[in-house]
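File shown: final37.pdb (PDB, C-alpha atoms).
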ATOM      1  CA  MET O   1       0.000   0.000   0.000  1.00  0.00           C
ATOM      2  CA  ASP O   2       2.845   2.367   0.892  1.00  0.00           C
ATOM      3  CA  VAL O   3       4.587   1.533  -2.392  1.00  0.00           C
ATOM      4  CA  SER O   4       1.393   2.224  -4.364  1.00  0.00           C
ATOM      5  CA  PHE O   5       0.893   5.549  -2.566  1.00  0.00           C
ATOM      6  CA  ALA O   6       4.496   6.565  -3.262  1.00  0.00           C
ATOM      7  CA  LYS O   7       4.091   5.608  -6.927  1.00  0.00           C
ATOM      8  CA  CYS O   8       0.854   7.592  -7.119  1.00  0.00           C
ATOM      9  CA  VAL O   9       2.545  10.666  -5.625  1.00  0.00           C
ATOM     10  CA  SER O  10       5.481  10.270  -8.031  1.00  0.00           C
ATOM     11  CA  ILE O  11       3.145  10.124 -11.038  1.00  0.00           C
ATOM     12  CA  PHE O  12       1.201  13.100  -9.695  1.00  0.00           C
ATOM     13  CA  VAL O  13       4.334  15.265  -9.400  1.00  0.00           C
ATOM     14  CA  GLN O  14       5.640  14.218 -12.823  1.00  0.00           C
ATOM     15  CA  PHE O  15       2.428  14.935 -14.654  1.00  0.00           C
ATOM     16  CA  PHE O  16       1.710  18.113 -12.745  1.00  0.00           C
ATOM     17  CA  CYS O  17       4.957  19.447 -14.239  1.00  0.00           C
ATOM     18  CA  ILE O  18       4.431  17.859 -17.664  1.00  0.00           C
ATOM     19  CA  LEU O  19       1.023  19.555 -17.966  1.00  0.00           C
ATOM     20  CA  THR O  20       2.870  22.911 -17.536  1.00  0.00           C
ATOM     21  CA  PRO O  21       0.185  24.334 -15.205  1.00  0.00           C
ATOM     22  CA  PHE O  22       1.576  27.854 -14.906  1.00  0.00           C
ATOM     23  CA  PHE O  23       2.049  28.233 -18.638  1.00  0.00           C
ATOM     24  CA  VAL O  24      -1.565  27.083 -19.080  1.00  0.00           C
ATOM     25  CA  LEU O  25      -2.542  29.549 -16.343  1.00  0.00           C
ATOM     26  CA  SER O  26      -0.826  32.443 -18.134  1.00  0.00           C
ATOM     27  CA  MET O  27      -2.618  31.536 -21.377  1.00  0.00           C
ATOM     28  CA  PHE O  28      -5.919  31.133 -19.515  1.00  0.00           C
ATOM     29  CA  VAL O  29      -5.584  34.566 -17.878  1.00  0.00           C
ATOM     30  CA  ALA O  30      -4.719  36.196 -21.210  1.00  0.00           C
ATOM     31  CA  MET O  31      -7.624  34.586 -23.068  1.00  0.00           C
ATOM     32  CA  THR O  32     -10.320  34.975 -20.410  1.00  0.00           C
ATOM     33  CA  GLY O  33      -9.410  38.361 -18.953  1.00  0.00           C
ATOM     34  CA  HIS O  34     -12.402  40.004 -20.667  1.00  0.00           C
ATOM     35  CA  MET O  35     -14.875  37.442 -19.278  1.00  0.00           C
ATOM     36  CA  THR O  36     -17.038  37.670 -16.188  1.00  0.00           C
ATOM     37  CA  SER O  37     -16.002  35.564 -13.187  1.00  0.00           C
ATOM     38  CA  ILE O  38     -18.839  33.113 -13.869  1.00  0.00           C
ATOM     39  CA  LYS O  39     -17.720  32.598 -17.478  1.00  0.00           C
ATOM     40  CA  GLN O  40     -14.118  32.186 -16.321  1.00  0.00           C
ATOM     41  CA  ARG O  41     -15.113  29.453 -13.871  1.00  0.00           C
ATOM     42  CA  HIS O  42     -17.231  27.745 -16.528  1.00  0.00           C
ATOM     43  CA  THR O  43     -14.297  27.791 -18.968  1.00  0.00           C
ATOM     44  CA  ALA O  44     -11.915  26.494 -16.262  1.00  0.00           C
ATOM     45  CA  ILE O  45     -14.212  23.541 -15.501  1.00  0.00           C
ATOM     46  CA  LYS O  46     -14.698  22.668 -19.169  1.00  0.00           C
ATOM     47  CA  THR O  47     -10.951  22.882 -19.788  1.00  0.00           C
ATOM     48  CA  THR O  48     -10.214  20.609 -16.820  1.00  0.00           C
ATOM     49  CA  ILE O  49     -12.753  18.022 -17.981  1.00  0.00           C
ATOM     50  CA  ALA O  50     -11.321  18.120 -21.514  1.00  0.00           C
ATOM     51  CA  ILE O  51      -7.757  17.633 -20.221  1.00  0.00           C
ATOM     52  CA  LEU O  52      -8.802  14.719 -17.991  1.00  0.00           C
ATOM     53  CA  VAL O  53     -10.792  12.907 -20.692  1.00  0.00           C
ATOM     54  CA  ILE O  54      -8.027  13.267 -23.297  1.00  0.00           C
ATOM     55  CA  CYS O  55      -5.277  12.204 -20.860  1.00  0.00           C
ATOM     56  CA  LEU O  56      -7.166   9.116 -19.666  1.00  0.00           C
ATOM     57  CA  LEU O  57      -8.027   8.146 -23.234  1.00  0.00           C
ATOM     58  CA  ILE O  58      -4.373   8.301 -24.304  1.00  0.00           C
ATOM     59  CA  TYR O  59      -3.268   6.573 -21.105  1.00  0.00           C
ATOM     60  CA  PHE O  60      -5.560   3.559 -21.570  1.00  0.00           C
ATOM     61  CA  LEU O  61      -4.885   3.286 -25.312  1.00  0.00           C
ATOM     62  CA  GLY O  62      -1.134   3.747 -25.051  1.00  0.00           C
ATOM     63  CA  ARG O  63      -0.151   0.077 -25.099  1.00  0.00           C
ATOM     64  CA  GLN O  64      -2.475  -0.651 -28.038  1.00  0.00           C
ATOM     65  CA  LEU O  65      -0.972   2.245 -30.000  1.00  0.00           C
ATOM     66  CA  PHE O  66       2.524   0.883 -29.366  1.00  0.00           C
ATOM     67  CA  ASP O  67       1.506  -2.544 -30.653  1.00  0.00           C
ATOM     68  CA  LEU O  68      -0.278  -1.036 -33.659  1.00  0.00           C
ATOM     69  CA  LEU O  69       2.663   1.157 -34.681  1.00  0.00           C
ATOM     70  CA  GLY O  70       5.310  -1.460 -33.867  1.00  0.00           C
ATOM     71  CA  LEU O  71       7.314   0.920 -31.677  1.00  0.00           C
ATOM     72  CA  THR O  72       9.643  -0.082 -28.862  1.00  0.00           C
ATOM     73  CA  LEU O  73       9.252   1.599 -25.491  1.00  0.00           C
ATOM     74  CA  ASP O  74      12.861   2.826 -25.361  1.00  0.00           C
ATOM     75  CA  ALA O  75      12.705   4.334 -28.848  1.00  0.00           C
ATOM     76  CA  PHE O  76       9.569   6.216 -27.838  1.00  0.00           C
ATOM     77  CA  ARG O  77      11.213   7.294 -24.567  1.00  0.00           C
ATOM     78  CA  ILE O  78      13.998   8.971 -26.544  1.00  0.00           C
ATOM     79  CA  GLY O  79      11.566  10.688 -28.932  1.00  0.00           C
ATOM     80  CA  ALA O  80       9.117  11.806 -26.245  1.00  0.00           C
ATOM     81  CA  GLY O  81      11.949  12.975 -23.993  1.00  0.00           C
ATOM     82  CA  ALA O  82      13.396  15.091 -26.796  1.00  0.00           C
ATOM     83  CA  ILE O  83      10.032  16.778 -27.402  1.00  0.00           C
ATOM     84  CA  LEU O  84       9.555  17.396 -23.666  1.00  0.00           C
ATOM     85  CA  PHE O  85      13.026  18.945 -23.530  1.00  0.00           C
ATOM     86  CA  LEU O  86      12.094  21.355 -26.330  1.00  0.00           C
ATOM     87  CA  ASN O  87       8.920  22.243 -24.407  1.00  0.00           C
ATOM     88  CA  GLY O  88      10.995  22.951 -21.315  1.00  0.00           C
ATOM     89  CA  VAL O  89      13.374  25.172 -23.286  1.00  0.00           C
ATOM     90  CA  LYS O  90      10.385  27.032 -24.763  1.00  0.00           C
ATOM     91  CA  LEU O  91       9.052  27.710 -21.259  1.00  0.00           C
ATOM     92  CA  LEU O  92      12.456  29.060 -20.237  1.00  0.00           C
ATOM     93  CA  SER O  93      12.437  31.467 -23.169  1.00  0.00           C
ATOM     94  CA  ASP O  94      12.173  35.140 -22.295  1.00  0.00           C
ATOM     95  CA  LYS O  95       9.602  35.722 -25.023  1.00  0.00           C
ATOM     96  CA  PRO O  96       6.017  35.442 -23.733  1.00  0.00           C
ATOM     97  CA  ALA O  97       3.648  33.479 -25.955  1.00  0.00           C
ATOM     98  CA  GLN O  98       1.438  35.576 -28.180  1.00  0.00           C
ATOM     99  CA  ILE O  99      -2.284  34.909 -28.118  1.00  0.00           C
ATOM    100  CA  VAL O 100      -4.156  35.189 -31.372  1.00  0.00           C
ATOM    101  CA  GLN O 101      -7.888  35.018 -30.814  1.00  0.00           C
ATOM    102  CA  GLU O 102     -10.487  35.404 -33.514  1.00  0.00           C
ATOM    103  CA  PRO O 103     -12.838  38.347 -33.067  1.00  0.00           C
ATOM    104  CA  GLY O 104     -16.100  36.664 -31.894  1.00  0.00           C
ATOM    105  CA  GLN O 105     -14.472  33.503 -30.538  1.00  0.00           C
ATOM    106  CA  GLU O 106     -16.528  32.205 -27.592  1.00  0.00           C
ATOM    107  CA  SER O 107     -15.306  30.738 -24.321  1.00  0.00           C
ATOM    108  CA  ASP O 108     -16.761  27.336 -25.186  1.00  0.00           C
ATOM    109  CA  ASN O 109     -14.460  27.155 -28.198  1.00  0.00           C
ATOM    110  CA  ILE O 110     -11.231  27.803 -26.277  1.00  0.00           C
ATOM    111  CA  SER O 111     -11.780  25.172 -23.553  1.00  0.00           C
ATOM    112  CA  VAL O 112     -10.665  22.256 -25.720  1.00  0.00           C
ATOM    113  CA  VAL O 113      -8.629  24.139 -28.326  1.00  0.00           C
ATOM    114  CA  PRO O 114      -6.249  25.758 -27.573  1.00  0.00           C
ATOM    115  CA  LEU O 115      -6.335  25.524 -23.744  1.00  0.00           C
ATOM    116  CA  ALA O 116      -6.549  21.722 -23.423  1.00  0.00           C
ATOM    117  CA  ILE O 117      -4.783  21.043 -26.739  1.00  0.00           C
ATOM    118  CA  PRO O 118      -2.043  22.076 -27.337  1.00  0.00           C
ATOM    119  CA  PHE O 119      -1.321  24.310 -24.303  1.00  0.00           C
ATOM    120  CA  ALA O 120      -1.798  21.605 -21.654  1.00  0.00           C
ATOM    121  CA  ILE O 121      -1.554  18.460 -23.786  1.00  0.00           C
ATOM    122  CA  GLY O 122       1.105  18.832 -26.435  1.00  0.00           C
ATOM    123  CA  PRO O 123       3.147  16.180 -28.276  1.00  0.00           C
ATOM    124  CA  GLY O 124       5.500  15.781 -25.310  1.00  0.00           C
ATOM    125  CA  THR O 125       2.631  15.177 -22.892  1.00  0.00           C
ATOM    126  CA  ILE O 126       1.092  12.625 -25.244  1.00  0.00           C
ATOM    127  CA  GLY O 127       4.433  10.833 -25.538  1.00  0.00           C
ATOM    128  CA  ALA O 128       4.910  10.753 -21.768  1.00  0.00           C
ATOM    129  CA  LEU O 129       1.390   9.364 -21.293  1.00  0.00           C
ATOM    130  CA  MET O 130       2.069   6.588 -23.788  1.00  0.00           C
ATOM    131  CA  VAL O 131       5.368   5.717 -22.090  1.00  0.00           C
ATOM    132  CA  MET O 132       3.689   5.570 -18.676  1.00  0.00           C
ATOM    133  CA  SER O 133       0.901   3.433 -20.110  1.00  0.00           C
ATOM    134  CA  SER O 134       3.382   0.927 -21.571  1.00  0.00           C
ATOM    135  CA  GLU O 135       5.238   0.722 -18.248  1.00  0.00           C
ATOM    136  CA  SER O 136       2.020  -0.340 -16.462  1.00  0.00           C
ATOM    137  CA  LYS O 137       2.067  -4.141 -16.312  1.00  0.00           C
ATOM    138  CA  SER O 138      -1.177  -4.907 -14.490  1.00  0.00           C
ATOM    139  CA  MET O 139      -4.552  -3.443 -13.569  1.00  0.00           C
ATOM    140  CA  PRO O 140      -3.333  -2.240 -10.118  1.00  0.00           C
ATOM    141  CA  HIS O 141      -0.531  -0.355 -11.891  1.00  0.00           C
ATOM    142  CA  TYR O 142      -3.086   1.184 -14.257  1.00  0.00           C
ATOM    143  CA  LEU O 143      -5.292   2.235 -11.341  1.00  0.00           C
ATOM    144  CA  VAL O 144      -2.385   3.828  -9.463  1.00  0.00           C
ATOM    145  CA  GLY O 145      -1.329   5.676 -12.604  1.00  0.00           C
ATOM    146  CA  CYS O 146      -4.911   6.770 -13.227  1.00  0.00           C
ATOM    147  CA  ALA O 147      -5.203   8.113  -9.669  1.00  0.00           C
ATOM    148  CA  GLY O 148      -1.951  10.083  -9.928  1.00  0.00           C
ATOM    149  CA  LEU O 149      -2.896  11.450 -13.326  1.00  0.00           C
ATOM    150  CA  THR O 150      -6.381  12.447 -12.169  1.00  0.00           C
ATOM    151  CA  ALA O 151      -4.938  14.228  -9.134  1.00  0.00           C
ATOM    152  CA  ALA O 152      -2.494  16.137 -11.361  1.00  0.00           C
ATOM    153  CA  VAL O 153      -5.269  17.252 -13.731  1.00  0.00           C
ATOM    154  CA  ALA O 154      -7.489  18.208 -10.774  1.00  0.00           C
ATOM    155  CA  SER O 155      -4.665  20.362  -9.382  1.00  0.00           C
ATOM    156  CA  VAL O 156      -4.283  22.126 -12.725  1.00  0.00           C
ATOM    157  CA  GLY O 157      -8.057  22.635 -12.746  1.00  0.00           C
ATOM    158  CA  ALA O 158      -7.938  24.174  -9.267  1.00  0.00           C
ATOM    159  CA  ILE O 159      -5.236  26.593 -10.433  1.00  0.00           C
ATOM    160  CA  LEU O 160      -7.407  27.655 -13.377  1.00  0.00           C
ATOM    161  CA  LEU O 161     -10.486  27.922 -11.170  1.00  0.00           C
ATOM    162  CA  PHE O 162      -8.695  30.349  -8.837  1.00  0.00           C
ATOM    163  CA  SER O 163      -6.792  32.102 -11.631  1.00  0.00           C
ATOM    164  CA  SER O 164      -8.095  35.568 -10.727  1.00  0.00           C
ATOM    165  CA  LEU O 165      -7.032  35.185  -7.095  1.00  0.00           C
ATOM    166  CA  ILE O 166      -3.603  33.827  -8.072  1.00  0.00           C
ATOM    167  CA  GLU O 167      -3.096  36.697 -10.521  1.00  0.00           C
ATOM    168  CA  ARG O 168      -3.992  39.252  -7.846  1.00  0.00           C
ATOM    169  CA  ILE O 169      -1.559  37.699  -5.350  1.00  0.00           C
ATOM    170  CA  ILE O 170       1.538  37.105  -7.509  1.00  0.00           C
ATOM    171  CA  GLY O 171       0.742  39.057 -10.688  1.00  0.00           C
ATOM    172  CA  ARG O 172       1.403  38.020 -14.275  1.00  0.00           C
ATOM    173  CA  GLN O 173       5.135  38.406 -13.752  1.00  0.00           C
ATOM    174  CA  GLY O 174       4.977  35.945 -10.875  1.00  0.00           C
ATOM    175  CA  ILE O 175       3.068  33.498 -13.069  1.00  0.00           C
ATOM    176  CA  ARG O 176       5.772  33.809 -15.749  1.00  0.00           C
ATOM    177  CA  ILE O 177       8.481  33.086 -13.156  1.00  0.00           C
ATOM    178  CA  LEU O 178       6.652  29.959 -11.964  1.00  0.00           C
ATOM    179  CA  SER O 179       6.226  28.915 -15.591  1.00  0.00           C
ATOM    180  CA  LYS O 180       9.989  29.187 -16.127  1.00  0.00           C
ATOM    181  CA  LEU O 181      10.659  27.122 -12.995  1.00  0.00           C
ATOM    182  CA  THR O 182       8.304  24.478 -14.357  1.00  0.00           C
ATOM    183  CA  GLY O 183      10.250  24.580 -17.634  1.00  0.00           C
ATOM    184  CA  LEU O 184      13.504  23.974 -15.778  1.00  0.00           C
ATOM    185  CA  ILE O 185      12.046  20.945 -13.959  1.00  0.00           C
ATOM    186  CA  LEU O 186      10.563  19.691 -17.224  1.00  0.00           C
ATOM    187  CA  ALA O 187      13.944  19.922 -18.979  1.00  0.00           C
ATOM    188  CA  GLY O 188      15.538  17.830 -16.216  1.00  0.00           C
ATOM    189  CA  MET O 189      12.756  15.234 -16.322  1.00  0.00           C
ATOM    190  CA  SER O 190      12.967  14.962 -20.110  1.00  0.00           C
ATOM    191  CA  ALA O 191      16.727  14.468 -19.968  1.00  0.00           C
ATOM    192  CA  GLN O 192      16.210  11.591 -17.517  1.00  0.00           C
ATOM    193  CA  ILE O 193      13.645   9.997 -19.860  1.00  0.00           C
ATOM    194  CA  VAL O 194      16.081  10.229 -22.784  1.00  0.00           C
ATOM    195  CA  PHE O 195      18.992   8.822 -20.747  1.00  0.00           C
ATOM    196  CA  THR O 196      16.826   5.908 -19.572  1.00  0.00           C
ATOM    197  CA  GLY O 197      15.821   5.132 -23.151  1.00  0.00           C
ATOM    198  CA  ILE O 198      19.423   5.270 -24.393  1.00  0.00           C
ATOM    199  CA  LYS O 199      20.701   3.149 -21.491  1.00  0.00           C
ATOM    200  CA  ASN O 200      18.063   0.458 -22.018  1.00  0.00           C
ATOM    201  CA  PHE O 201      18.644   0.500 -25.764  1.00  0.00           C
ATOM    202  CA  LEU O 202      22.408   0.034 -25.363  1.00  0.00           C
ATOM    203  CA  ASP O 203      21.885  -2.734 -22.805  1.00  0.00           C
ATOM    204  CA  LEU O 204      20.029  -4.682 -25.446  1.00  0.00           C
TER
END

Would you mind giving the structure from this file in structure tokens?
Amino acid sequence: MDVSFAKCVSIFVQFFCILTPFFVLSMFVAMTGHMTSIKQRHTAIKTTIAILVICLLIYFLGRQLFDLLGLTLDAFRIGAGAILFLNGVKLLSDKPAQIVQEPGQESDNISVVPLAIPFAIGPGTIGALMVMSSESKSMPHYLVGCAGLTAAVASVGAILLFSSLIERIIGRQGIRILSKLTGLILAGMSAQIVFTGIKNFLDL
């Protein structure tokens, strides 16, 4: 039980960083700043649900996709780790992301695209989900992974739900700093994924 709890916490921390919550928060604040508080909360809830559904879908279909495409886990580790590293470097960039929103675009349209995809769930996140799915060997492993992943998405949702309060407390500059710290952690995690893939590949 203790091992399962520790694994769940580990997955939670990893995916909380991989979902780049503070980058998503900065995009959410920029795109919903003109909305009323009720519309902001509605958009935050819809975005959280979209992220959770997409993540769980990829997580449970990951092993089947590997079998269908004929990919090895270590090869995918290297590829997914490289993409995650690029995401981390992008977060560390000094240039803030530019938001281009169509004139008349409604809040319902931004919950899934672009807030859920690709801001929260990009290629690197998809790759990491597929790797984690392939590493799960039994139903208990799947359930532990599902619990950690759900907790991570719920935490991101809570951040979006209280976005106005967070912005008032730390400001947009503070959000950008937290986003850069997340990018630094993400770069380190991605490097570890790549090294693990290379090591296992060479051991073969």

- Note on the structure: re atom CA of Leu165 of chain O and atom CA of Val29 of chain O: distance 10.9 Å

- Message: With distances taken over all atoms listed in the file, which residue among O:Gly79, O:Gly157, O:Gly122, O:Gly70 lies nearest Ile49 of chain O?
- Response: O:Gly157

- Item | Coordinates-based distance that separates atom CA of Thr20 of chain O from atom CA of Thr182 of chain O (Å, one decimal) | 6.5 Å

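Here the PyMOL selection byres ((chain O and resi 183) around 7) matches the residues Gly88, Val89, Leu91, Leu92, Ser179, Lys180, Leu181, Thr182, Leu184, Ile185, Leu186 and Ala187 of chain O.
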
Hey, can you spit out that residue selection with C-alpha atoms as a short mmCIF file (atom, residue, chain, number, x, y, z; two decimals), keeping the file's coordinate frame?
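Output file result.cif follows:
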data_model
loop_
_atom_site.label_atom_id
_atom_site.label_comp_id
_atom_site.auth_asym_id
_atom_site.auth_seq_id
_atom_site.Cartn_x
_atom_site.Cartn_y
_atom_site.Cartn_z
CA GLY O 88 11.00 22.95 -21.32
CA VAL O 89 13.37 25.17 -23.29
CA LEU O 91 9.05 27.71 -21.26
CA LEU O 92 12.46 29.06 -20.24
CA SER O 179 6.23 28.92 -15.59
CA LYS O 180 9.99 29.19 -16.13
CA LEU O 181 10.66 27.12 -13.00
CA THR O 182 8.30 24.48 -14.36
CA LEU O 184 13.50 23.97 -15.78
CA ILE O 185 12.05 20.94 -13.96
CA LEU O 186 10.56 19.69 -17.22
CA ALA O 187 13.94 19.92 -18.98
#

- Item | Selection dump of the PyMOL selection byres ((chain O and resi 124-135) around 9), as JSON, numbers by chain | {"O": [11, 15, 18, 19, 55, 56, 58, 59, 60, 61, 62, 63, 64, 65, 66, 73, 74, 76, 77, 79, 80, 81, 82, 83, 84, 85, 86, 87, 120, 121, 122, 123, 136, 137, 141, 142, 145, 193]}

- Which value, in Å to one decimal, gives the distance between atom CA of Ala147 of chain O and atom CA of Gln192 of chain O? 23.1 Å

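For the choices O:Leu161, O:Ala44, O:Ile169, O:Leu149, the atom-to-atom distance to Val112 of chain O is smallest for O:Ala44 when using all atoms listed in the file.
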
- For the file shown, what are the residues hit by the PyMOL selection byres ((chain O and resi 32-36) around 12), laid out as number ranges by chain? O: 24-31, 37-44, 99, 101, 105-111, 115, 160-161, 163-164, 167, 172

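Among the candidates O:Ile175, O:Cys146, O:Ser190, O:Ala152, the one nearest to Leu57 of chain O when counting only C-alpha atoms is O:Cys146.
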